[in-house]
$ cat run.txt   # compact mmCIF, N, CA and C atoms
# COMPACT_ATOMS: atom_id res chain seq x y z
N MET A 87 -59.60 -23.13 19.71
CA MET A 87 -58.63 -23.58 18.75
C MET A 87 -58.39 -22.54 17.66
N LYS A 88 -59.50 -21.90 17.21
CA LYS A 88 -59.37 -20.88 16.17
C LYS A 88 -58.56 -19.70 16.67
N LYS A 89 -58.75 -19.31 17.93
CA LYS A 89 -58.01 -18.18 18.48
C LYS A 89 -56.51 -18.47 18.52
N ILE A 90 -56.16 -19.67 18.89
CA ILE A 90 -54.74 -20.05 18.92
C ILE A 90 -54.15 -20.00 17.52
N LEU A 91 -54.87 -20.52 16.56
CA LEU A 91 -54.41 -20.51 15.17
C LEU A 91 -54.25 -19.07 14.66
N ILE A 92 -55.18 -18.21 15.00
CA ILE A 92 -55.09 -16.80 14.58
C ILE A 92 -53.88 -16.14 15.21
N TRP A 93 -53.64 -16.38 16.51
CA TRP A 93 -52.48 -15.78 17.18
C TRP A 93 -51.17 -16.31 16.60
N VAL A 94 -51.12 -17.57 16.27
CA VAL A 94 -49.92 -18.14 15.66
C VAL A 94 -49.67 -17.50 14.29
N LEU A 95 -50.72 -17.38 13.50
CA LEU A 95 -50.57 -16.75 12.18
C LEU A 95 -50.13 -15.30 12.30
N LEU A 96 -50.69 -14.56 13.26
CA LEU A 96 -50.28 -13.17 13.48
C LEU A 96 -48.82 -13.09 13.90
N ALA A 97 -48.40 -14.01 14.76
CA ALA A 97 -47.01 -14.02 15.20
C ALA A 97 -46.07 -14.31 14.03
N VAL A 98 -46.44 -15.26 13.18
CA VAL A 98 -45.63 -15.59 12.01
C VAL A 98 -45.55 -14.39 11.06
N MET A 99 -46.67 -13.73 10.84
CA MET A 99 -46.68 -12.56 9.95
C MET A 99 -45.81 -11.44 10.51
N LEU A 100 -45.87 -11.21 11.82
CA LEU A 100 -45.05 -10.18 12.45
C LEU A 100 -43.58 -10.53 12.32
N PHE A 101 -43.24 -11.78 12.58
CA PHE A 101 -41.85 -12.23 12.47
C PHE A 101 -41.33 -12.04 11.04
N CYS A 102 -42.13 -12.42 10.06
CA CYS A 102 -41.71 -12.28 8.65
C CYS A 102 -41.54 -10.81 8.27
N SER A 103 -42.40 -9.95 8.77
CA SER A 103 -42.27 -8.53 8.44
C SER A 103 -41.03 -7.94 9.09
N LEU A 104 -40.69 -8.38 10.30
CA LEU A 104 -39.47 -7.89 10.95
C LEU A 104 -38.23 -8.35 10.20
N ILE A 105 -38.24 -9.58 9.72
CA ILE A 105 -37.10 -10.08 8.96
C ILE A 105 -36.91 -9.26 7.69
N SER A 106 -37.99 -8.94 7.00
CA SER A 106 -37.87 -8.17 5.77
C SER A 106 -37.38 -6.75 6.03
N VAL A 107 -37.71 -6.18 7.19
CA VAL A 107 -37.25 -4.83 7.53
C VAL A 107 -35.75 -4.82 7.75
N PHE A 108 -35.23 -5.84 8.44
CA PHE A 108 -33.82 -5.86 8.80
C PHE A 108 -32.95 -6.58 7.78
N ALA A 109 -33.53 -7.16 6.76
CA ALA A 109 -32.79 -8.06 5.88
C ALA A 109 -31.81 -7.40 4.94
N ALA A 110 -32.24 -6.64 3.96
CA ALA A 110 -31.34 -6.29 2.88
C ALA A 110 -31.41 -4.83 2.49
N ASP A 111 -31.38 -3.97 3.45
CA ASP A 111 -31.42 -2.56 3.11
C ASP A 111 -30.02 -1.95 3.21
N PHE A 112 -29.05 -2.63 2.61
CA PHE A 112 -27.68 -2.15 2.62
C PHE A 112 -27.03 -2.45 1.29
N LYS A 113 -25.89 -1.85 1.08
CA LYS A 113 -25.13 -2.04 -0.15
C LYS A 113 -23.87 -2.83 0.21
N TYR A 114 -23.66 -3.96 -0.44
CA TYR A 114 -22.46 -4.74 -0.16
C TYR A 114 -21.22 -3.89 -0.38
N GLY A 115 -20.31 -3.94 0.58
CA GLY A 115 -19.06 -3.18 0.51
C GLY A 115 -19.14 -1.85 1.23
N ASP A 116 -20.34 -1.35 1.49
CA ASP A 116 -20.51 -0.06 2.17
C ASP A 116 -20.48 -0.28 3.68
N ILE A 117 -19.30 -0.56 4.20
CA ILE A 117 -19.13 -0.92 5.60
C ILE A 117 -19.34 0.28 6.52
N THR A 118 -19.03 1.47 6.04
CA THR A 118 -19.23 2.68 6.83
C THR A 118 -20.68 3.15 6.81
N CYS A 119 -21.49 2.56 5.93
CA CYS A 119 -22.91 2.89 5.80
C CYS A 119 -23.12 4.36 5.45
N ASP A 120 -22.25 4.89 4.59
CA ASP A 120 -22.39 6.28 4.17
C ASP A 120 -22.99 6.42 2.78
N GLY A 121 -23.39 5.30 2.19
CA GLY A 121 -24.05 5.35 0.90
C GLY A 121 -23.16 5.10 -0.30
N SER A 122 -21.84 4.97 -0.08
CA SER A 122 -20.95 4.70 -1.21
C SER A 122 -19.89 3.69 -0.79
N VAL A 123 -19.41 2.96 -1.78
CA VAL A 123 -18.34 1.99 -1.56
C VAL A 123 -17.04 2.64 -1.99
N ASN A 124 -16.14 2.86 -1.03
CA ASN A 124 -14.88 3.54 -1.35
C ASN A 124 -13.77 3.05 -0.43
N SER A 125 -12.63 3.73 -0.49
CA SER A 125 -11.47 3.29 0.28
C SER A 125 -11.69 3.37 1.78
N LYS A 126 -12.59 4.21 2.24
CA LYS A 126 -12.90 4.26 3.68
C LYS A 126 -13.42 2.91 4.15
N ASP A 127 -14.21 2.27 3.31
CA ASP A 127 -14.75 0.96 3.65
C ASP A 127 -13.65 -0.09 3.70
N ALA A 128 -12.72 -0.03 2.76
CA ALA A 128 -11.61 -0.98 2.74
C ALA A 128 -10.72 -0.81 3.96
N VAL A 129 -10.47 0.43 4.36
CA VAL A 129 -9.64 0.69 5.54
C VAL A 129 -10.35 0.18 6.80
N LEU A 130 -11.63 0.45 6.93
CA LEU A 130 -12.38 0.00 8.10
C LEU A 130 -12.40 -1.53 8.16
N LEU A 131 -12.55 -2.18 7.03
CA LEU A 131 -12.53 -3.64 7.01
C LEU A 131 -11.16 -4.17 7.42
N ALA A 132 -10.09 -3.56 6.93
CA ALA A 132 -8.74 -3.98 7.30
C ALA A 132 -8.51 -3.80 8.80
N GLN A 133 -8.98 -2.70 9.36
CA GLN A 133 -8.84 -2.47 10.79
C GLN A 133 -9.63 -3.50 11.59
N TYR A 134 -10.82 -3.82 11.12
CA TYR A 134 -11.65 -4.83 11.79
C TYR A 134 -10.95 -6.19 11.77
N LEU A 135 -10.39 -6.55 10.61
CA LEU A 135 -9.72 -7.85 10.49
C LEU A 135 -8.44 -7.90 11.32
N ALA A 136 -7.80 -6.74 11.53
CA ALA A 136 -6.60 -6.67 12.37
C ALA A 136 -6.96 -6.60 13.85
N GLN A 137 -8.24 -6.71 14.15
CA GLN A 137 -8.80 -6.72 15.50
C GLN A 137 -8.57 -5.41 16.24
N TRP A 138 -8.58 -4.30 15.48
CA TRP A 138 -8.57 -2.99 16.12
C TRP A 138 -9.94 -2.77 16.73
N LYS A 139 -10.02 -1.87 17.67
CA LYS A 139 -11.30 -1.53 18.28
C LYS A 139 -11.99 -0.50 17.39
N VAL A 140 -12.83 -0.99 16.50
CA VAL A 140 -13.56 -0.12 15.58
C VAL A 140 -15.05 -0.35 15.79
N ASN A 141 -15.82 0.67 15.52
CA ASN A 141 -17.27 0.57 15.64
C ASN A 141 -17.88 0.34 14.27
N ILE A 142 -18.45 -0.82 14.11
CA ILE A 142 -19.14 -1.15 12.86
C ILE A 142 -20.55 -1.59 13.24
N SER A 143 -21.53 -1.00 12.60
CA SER A 143 -22.92 -1.35 12.89
C SER A 143 -23.23 -2.75 12.37
N GLU A 144 -24.36 -3.29 12.79
CA GLU A 144 -24.80 -4.60 12.30
C GLU A 144 -24.96 -4.56 10.78
N GLU A 145 -25.49 -3.44 10.28
CA GLU A 145 -25.64 -3.27 8.83
C GLU A 145 -24.27 -3.25 8.15
N GLY A 146 -23.31 -2.59 8.78
CA GLY A 146 -21.96 -2.54 8.24
C GLY A 146 -21.30 -3.91 8.21
N LEU A 147 -21.53 -4.70 9.26
CA LEU A 147 -20.98 -6.06 9.28
C LEU A 147 -21.60 -6.92 8.19
N ALA A 148 -22.89 -6.74 7.97
CA ALA A 148 -23.55 -7.49 6.89
C ALA A 148 -22.97 -7.07 5.54
N ALA A 149 -22.72 -5.78 5.37
CA ALA A 149 -22.16 -5.27 4.11
C ALA A 149 -20.72 -5.70 3.92
N ALA A 150 -20.02 -6.00 5.02
CA ALA A 150 -18.61 -6.42 4.94
C ALA A 150 -18.45 -7.82 4.37
N ASP A 151 -19.48 -8.63 4.45
CA ASP A 151 -19.41 -9.99 3.91
C ASP A 151 -19.67 -9.95 2.41
N VAL A 152 -18.74 -9.35 1.67
CA VAL A 152 -18.94 -9.12 0.24
C VAL A 152 -18.92 -10.41 -0.57
N ARG A 153 -18.38 -11.48 0.00
CA ARG A 153 -18.41 -12.79 -0.69
C ARG A 153 -19.71 -13.53 -0.38
N LYS A 154 -20.46 -13.03 0.58
CA LYS A 154 -21.74 -13.59 0.99
C LYS A 154 -21.63 -15.08 1.33
N ASP A 155 -20.58 -15.39 2.13
CA ASP A 155 -20.38 -16.76 2.56
C ASP A 155 -20.59 -16.93 4.06
N GLY A 156 -21.06 -15.87 4.72
CA GLY A 156 -21.34 -15.94 6.14
C GLY A 156 -20.15 -15.69 7.04
N VAL A 157 -18.99 -15.41 6.46
CA VAL A 157 -17.76 -15.18 7.22
C VAL A 157 -17.12 -13.89 6.72
N ILE A 158 -16.65 -13.07 7.65
CA ILE A 158 -15.91 -11.86 7.27
C ILE A 158 -14.44 -12.15 7.50
N ASN A 159 -13.69 -12.21 6.41
CA ASN A 159 -12.26 -12.53 6.52
C ASN A 159 -11.47 -11.82 5.42
N SER A 160 -10.20 -12.20 5.29
CA SER A 160 -9.33 -11.53 4.32
C SER A 160 -9.81 -11.73 2.88
N LYS A 161 -10.55 -12.78 2.62
CA LYS A 161 -11.09 -12.98 1.27
C LYS A 161 -12.06 -11.85 0.91
N ASP A 162 -12.82 -11.39 1.90
CA ASP A 162 -13.72 -10.25 1.67
C ASP A 162 -12.91 -8.99 1.41
N ALA A 163 -11.83 -8.80 2.15
CA ALA A 163 -10.97 -7.62 1.96
C ALA A 163 -10.34 -7.61 0.58
N VAL A 164 -9.91 -8.77 0.11
CA VAL A 164 -9.30 -8.86 -1.23
C VAL A 164 -10.34 -8.56 -2.30
N LEU A 165 -11.53 -9.13 -2.17
CA LEU A 165 -12.58 -8.88 -3.16
C LEU A 165 -12.97 -7.40 -3.18
N LEU A 166 -13.06 -6.78 -2.02
CA LEU A 166 -13.39 -5.36 -1.95
C LEU A 166 -12.29 -4.53 -2.60
N ALA A 167 -11.03 -4.88 -2.36
CA ALA A 167 -9.91 -4.16 -2.98
C ALA A 167 -9.94 -4.32 -4.49
N GLN A 168 -10.24 -5.50 -4.97
CA GLN A 168 -10.34 -5.73 -6.42
C GLN A 168 -11.46 -4.90 -7.01
N TYR A 169 -12.58 -4.83 -6.32
CA TYR A 169 -13.72 -4.03 -6.78
C TYR A 169 -13.32 -2.56 -6.87
N LEU A 170 -12.65 -2.06 -5.84
CA LEU A 170 -12.23 -0.67 -5.83
C LEU A 170 -11.17 -0.37 -6.89
N ALA A 171 -10.41 -1.39 -7.25
CA ALA A 171 -9.41 -1.25 -8.31
C ALA A 171 -10.03 -1.45 -9.70
N ARG A 172 -11.35 -1.56 -9.72
CA ARG A 172 -12.14 -1.68 -10.95
C ARG A 172 -11.89 -2.98 -11.71
N TRP A 173 -11.55 -4.04 -10.96
CA TRP A 173 -11.49 -5.35 -11.58
C TRP A 173 -12.91 -5.76 -11.92
N ASN A 174 -13.06 -6.74 -12.77
CA ASN A 174 -14.38 -7.21 -13.17
C ASN A 174 -14.88 -8.23 -12.14
N VAL A 175 -15.24 -7.72 -10.95
CA VAL A 175 -15.76 -8.56 -9.88
C VAL A 175 -17.08 -7.97 -9.38
N GLN A 176 -17.84 -8.79 -8.71
CA GLN A 176 -19.12 -8.34 -8.16
C GLN A 176 -19.12 -8.58 -6.66
N LEU A 177 -19.81 -7.72 -5.94
CA LEU A 177 -19.89 -7.83 -4.49
C LEU A 177 -21.23 -8.43 -4.08
N GLY A 178 -21.21 -9.20 -3.02
CA GLY A 178 -22.44 -9.71 -2.43
C GLY A 178 -23.12 -10.77 -3.25
N ASP A 179 -24.36 -10.55 -3.53
CA ASP A 179 -25.19 -11.56 -4.17
C ASP A 179 -25.02 -11.62 -5.68
N GLY A 180 -24.02 -10.94 -6.18
CA GLY A 180 -23.80 -10.96 -7.63
C GLY A 180 -24.26 -9.69 -8.30
N SER A 181 -25.06 -8.89 -7.62
CA SER A 181 -25.48 -7.64 -8.22
C SER A 181 -24.48 -6.56 -7.85
N THR A 182 -23.93 -5.94 -8.82
CA THR A 182 -22.97 -4.88 -8.56
C THR A 182 -23.70 -3.69 -7.98
N PRO A 183 -23.27 -3.19 -6.80
CA PRO A 183 -24.00 -2.11 -6.18
C PRO A 183 -24.02 -0.83 -6.98
N SER A 184 -23.00 -0.57 -7.72
CA SER A 184 -22.98 0.60 -8.61
C SER A 184 -22.11 0.25 -9.79
N THR A 185 -22.20 1.01 -10.85
CA THR A 185 -21.42 0.67 -12.02
C THR A 185 -19.93 0.83 -11.77
N LYS A 186 -19.56 1.82 -11.00
CA LYS A 186 -18.17 2.02 -10.64
C LYS A 186 -18.11 2.45 -9.18
N PRO A 187 -17.03 2.08 -8.48
CA PRO A 187 -16.94 2.53 -7.10
C PRO A 187 -16.79 4.04 -7.02
N ASP A 188 -17.25 4.59 -5.92
CA ASP A 188 -17.15 6.03 -5.70
C ASP A 188 -15.75 6.33 -5.19
N THR A 189 -14.93 6.96 -6.00
CA THR A 189 -13.57 7.27 -5.60
C THR A 189 -13.49 8.58 -4.87
N GLY A 190 -14.54 9.38 -4.95
CA GLY A 190 -14.54 10.66 -4.30
C GLY A 190 -13.74 11.70 -5.04
N GLU A 191 -13.23 11.34 -6.21
CA GLU A 191 -12.40 12.25 -6.99
C GLU A 191 -12.94 12.31 -8.42
N ALA A 192 -12.66 13.41 -9.07
CA ALA A 192 -13.01 13.52 -10.48
C ALA A 192 -11.94 12.83 -11.30
N GLY A 193 -12.28 12.43 -12.47
CA GLY A 193 -11.29 11.82 -13.36
C GLY A 193 -11.61 10.37 -13.61
N THR A 194 -10.75 9.74 -14.36
CA THR A 194 -11.00 8.37 -14.77
C THR A 194 -10.43 7.35 -13.81
N GLY A 195 -9.50 7.75 -12.96
CA GLY A 195 -8.86 6.80 -12.07
C GLY A 195 -7.69 6.11 -12.71
N ASP A 196 -7.39 6.45 -13.98
CA ASP A 196 -6.25 5.85 -14.65
C ASP A 196 -4.95 6.42 -14.08
N ILE A 197 -3.96 5.56 -13.98
CA ILE A 197 -2.66 5.97 -13.48
C ILE A 197 -1.66 5.83 -14.61
N GLU A 198 -0.92 6.90 -14.87
CA GLU A 198 0.10 6.84 -15.90
C GLU A 198 1.44 6.54 -15.26
N VAL A 199 2.09 5.51 -15.77
CA VAL A 199 3.40 5.13 -15.29
C VAL A 199 4.38 5.32 -16.45
N PRO A 200 5.42 6.14 -16.24
CA PRO A 200 6.39 6.31 -17.31
C PRO A 200 7.05 4.99 -17.66
N ALA A 201 7.32 4.78 -18.93
CA ALA A 201 7.92 3.53 -19.39
C ALA A 201 9.27 3.25 -18.72
N ASP A 202 9.98 4.30 -18.35
CA ASP A 202 11.29 4.11 -17.71
C ASP A 202 11.15 3.52 -16.30
N ASP A 203 9.98 3.67 -15.69
CA ASP A 203 9.78 3.18 -14.33
C ASP A 203 9.32 1.73 -14.26
N ILE A 204 9.02 1.15 -15.42
CA ILE A 204 8.53 -0.24 -15.45
C ILE A 204 9.72 -1.19 -15.46
N ILE A 205 9.72 -2.13 -14.53
CA ILE A 205 10.80 -3.12 -14.45
C ILE A 205 10.31 -4.38 -15.15
N TYR A 206 11.12 -4.85 -16.09
CA TYR A 206 10.74 -6.05 -16.84
C TYR A 206 11.51 -7.25 -16.35

$ encode --input "run.txt" --output "C-alpha cells"
Amino acid sequence: MKKILIWVLLAVMLFCSLISVFAADFKYGDITCDGSVNSKDAVLLAQYLAQWKVNISEEGLAAADVRKDGVINSKDAVLLAQYLARWNVQLGDGSTPSTKPDTGEAGTGDIEVPADDIIY
C-alpha cells in the first residue's frame, strides 16, 4: 500500500512540475514569440482569424488570447490593436507585459496631423 501511495505522489509531483514548465513562460500579445509585442503580432493574429494558413506555436496561441477568456477571436485583435496604439489597456492577466509596446522605431510615436486635414 505504501509503494502505491509513493508512486501516486511521485506521479502527481511530476505532473505538477510539467504544468509549471509549460504554463506561463510567454508574454501576452507576443504571438510571434520574438520577445516583443508589435505590429507583426497584430498582423499574424489577423491572418490567423482570417483563417490563413499561418504557423503559430502553442506558446503563440496562448499569447494570442490577450483577453484571457479561453477564446481567440476579434476581441483579442481589437485589444491588441488598442495596446499597440498606446491606449490605457492591459493584456492577459492584467499585468502589462511592458510599459510601452515595441514599435521598432525611435521616437515618441506621436502623429502630427495638420489642422487643415481635420474634418469636423

$ atom_distance --input "run.txt" --atom1 "atom CA of A:Asn141" --atom2 "atom CA of A:Val157"
17.9 Å

$ residues_near_point --input "run.txt" --point "(-22.3, -10.2, 0.0)" --cutoff "8 Å" --atoms "all atoms listed in the file" --output "list in words"
Lys113, Tyr114, Gly115, Ala148, Ala149, Ala150, Asp151, Val152, Arg153, Lys154, Asp155, Gly156, Gln176, Leu177, Gly178, Asp179 and Gly180 of chain A

$ residues_around --input "run.txt" --residues "stretch 129-136 of chain A" --least-positions-apart "5" --cutoff "8 Å" --atoms "all atoms listed in the file" --output "number ranges by chain"
A: 117-118, 124, 141, 150, 158-160, 162-163

$ write_last_selection --input "run.txt" --atoms "N, CA and C atoms" --output "compact mmCIF listing (two decimals), in the coordinates of the input"
# COMPACT_ATOMS: atom_id res chain seq x y z
N ILE A 117 -19.30 -0.56 4.20
CA ILE A 117 -19.13 -0.92 5.60
C ILE A 117 -19.34 0.28 6.52
N THR A 118 -19.03 1.47 6.04
CA THR A 118 -19.23 2.68 6.83
C THR A 118 -20.68 3.15 6.81
N ASN A 124 -16.14 2.86 -1.03
CA ASN A 124 -14.88 3.54 -1.35
C ASN A 124 -13.77 3.05 -0.43
N ASN A 141 -15.82 0.67 15.52
CA ASN A 141 -17.27 0.57 15.64
C ASN A 141 -17.88 0.34 14.27
N ALA A 150 -20.02 -6.00 5.02
CA ALA A 150 -18.61 -6.42 4.94
C ALA A 150 -18.45 -7.82 4.37
N ILE A 158 -16.65 -13.07 7.65
CA ILE A 158 -15.91 -11.86 7.27
C ILE A 158 -14.44 -12.15 7.50
N ASN A 159 -13.69 -12.21 6.41
CA ASN A 159 -12.26 -12.53 6.52
C ASN A 159 -11.47 -11.82 5.42
N SER A 160 -10.20 -12.20 5.29
CA SER A 160 -9.33 -11.53 4.32
C SER A 160 -9.81 -11.73 2.88
N ASP A 162 -12.82 -11.39 1.90
CA ASP A 162 -13.72 -10.25 1.67
C ASP A 162 -12.91 -8.99 1.41
N ALA A 163 -11.83 -8.80 2.15
CA ALA A 163 -10.97 -7.62 1.96
C ALA A 163 -10.34 -7.61 0.58

$ select_by_dssp --input "run.txt" --residues "stretch 105-164 of chain A" --states "helix (DSSP H, G or I)" --output "compact mmCIF listing (two decimals) with N, CA and C atoms, keeping the file's coordinate frame"
# COMPACT_ATOMS: atom_id res chain seq x y z
N ILE A 105 -38.24 -9.58 9.72
CA ILE A 105 -37.10 -10.08 8.96
C ILE A 105 -36.91 -9.26 7.69
N SER A 106 -37.99 -8.94 7.00
CA SER A 106 -37.87 -8.17 5.77
C SER A 106 -37.38 -6.75 6.03
N VAL A 107 -37.71 -6.18 7.19
CA VAL A 107 -37.25 -4.83 7.53
C VAL A 107 -35.75 -4.82 7.75
N PHE A 108 -35.23 -5.84 8.44
CA PHE A 108 -33.82 -5.86 8.80
C PHE A 108 -32.95 -6.58 7.78
N ALA A 109 -33.53 -7.16 6.76
CA ALA A 109 -32.79 -8.06 5.88
C ALA A 109 -31.81 -7.40 4.94
N SER A 125 -12.63 3.73 -0.49
CA SER A 125 -11.47 3.29 0.28
C SER A 125 -11.69 3.37 1.78
N LYS A 126 -12.59 4.21 2.24
CA LYS A 126 -12.90 4.26 3.68
C LYS A 126 -13.42 2.91 4.15
N ASP A 127 -14.21 2.27 3.31
CA ASP A 127 -14.75 0.96 3.65
C ASP A 127 -13.65 -0.09 3.70
N ALA A 128 -12.72 -0.03 2.76
CA ALA A 128 -11.61 -0.98 2.74
C ALA A 128 -10.72 -0.81 3.96
N VAL A 129 -10.47 0.43 4.36
CA VAL A 129 -9.64 0.69 5.54
C VAL A 129 -10.35 0.18 6.80
N LEU A 130 -11.63 0.45 6.93
CA LEU A 130 -12.38 0.00 8.10
C LEU A 130 -12.40 -1.53 8.16
N LEU A 131 -12.55 -2.18 7.03
CA LEU A 131 -12.53 -3.64 7.01
C LEU A 131 -11.16 -4.17 7.42
N ALA A 132 -10.09 -3.56 6.93
CA ALA A 132 -8.74 -3.98 7.30
C ALA A 132 -8.51 -3.80 8.80
N GLN A 133 -8.98 -2.70 9.36
CA GLN A 133 -8.84 -2.47 10.79
C GLN A 133 -9.63 -3.50 11.59
N TYR A 134 -10.82 -3.82 11.12
CA TYR A 134 -11.65 -4.83 11.79
C TYR A 134 -10.95 -6.19 11.77
N LEU A 135 -10.39 -6.55 10.61
CA LEU A 135 -9.72 -7.85 10.49
C LEU A 135 -8.44 -7.90 11.32
N GLU A 144 -24.36 -3.29 12.79
CA GLU A 144 -24.80 -4.60 12.30
C GLU A 144 -24.96 -4.56 10.78
N GLU A 145 -25.49 -3.44 10.28
CA GLU A 145 -25.64 -3.27 8.83
C GLU A 145 -24.27 -3.25 8.15
N GLY A 146 -23.31 -2.59 8.78
CA GLY A 146 -21.96 -2.54 8.24
C GLY A 146 -21.30 -3.91 8.21
N LEU A 147 -21.53 -4.70 9.26
CA LEU A 147 -20.98 -6.06 9.28
C LEU A 147 -21.60 -6.92 8.19
N ALA A 148 -22.89 -6.74 7.97
CA ALA A 148 -23.55 -7.49 6.89
C ALA A 148 -22.97 -7.07 5.54
N ALA A 149 -22.72 -5.78 5.37
CA ALA A 149 -22.16 -5.27 4.11
C ALA A 149 -20.72 -5.70 3.92
N ALA A 150 -20.02 -6.00 5.02
CA ALA A 150 -18.61 -6.42 4.94
C ALA A 150 -18.45 -7.82 4.37
N SER A 160 -10.20 -12.20 5.29
CA SER A 160 -9.33 -11.53 4.32
C SER A 160 -9.81 -11.73 2.88
N LYS A 161 -10.55 -12.78 2.62
CA LYS A 161 -11.09 -12.98 1.27
C LYS A 161 -12.06 -11.85 0.91
N ASP A 162 -12.82 -11.39 1.90
CA ASP A 162 -13.72 -10.25 1.67
C ASP A 162 -12.91 -8.99 1.41
N ALA A 163 -11.83 -8.80 2.15
CA ALA A 163 -10.97 -7.62 1.96
C ALA A 163 -10.34 -7.61 0.58
N VAL A 164 -9.91 -8.77 0.11
CA VAL A 164 -9.30 -8.86 -1.23
C VAL A 164 -10.34 -8.56 -2.30

$ atom_distance --input "run.txt" --atom1 "atom CA of A:Asn174" --atom2 "atom C of A:Glu145"
23.8 Å
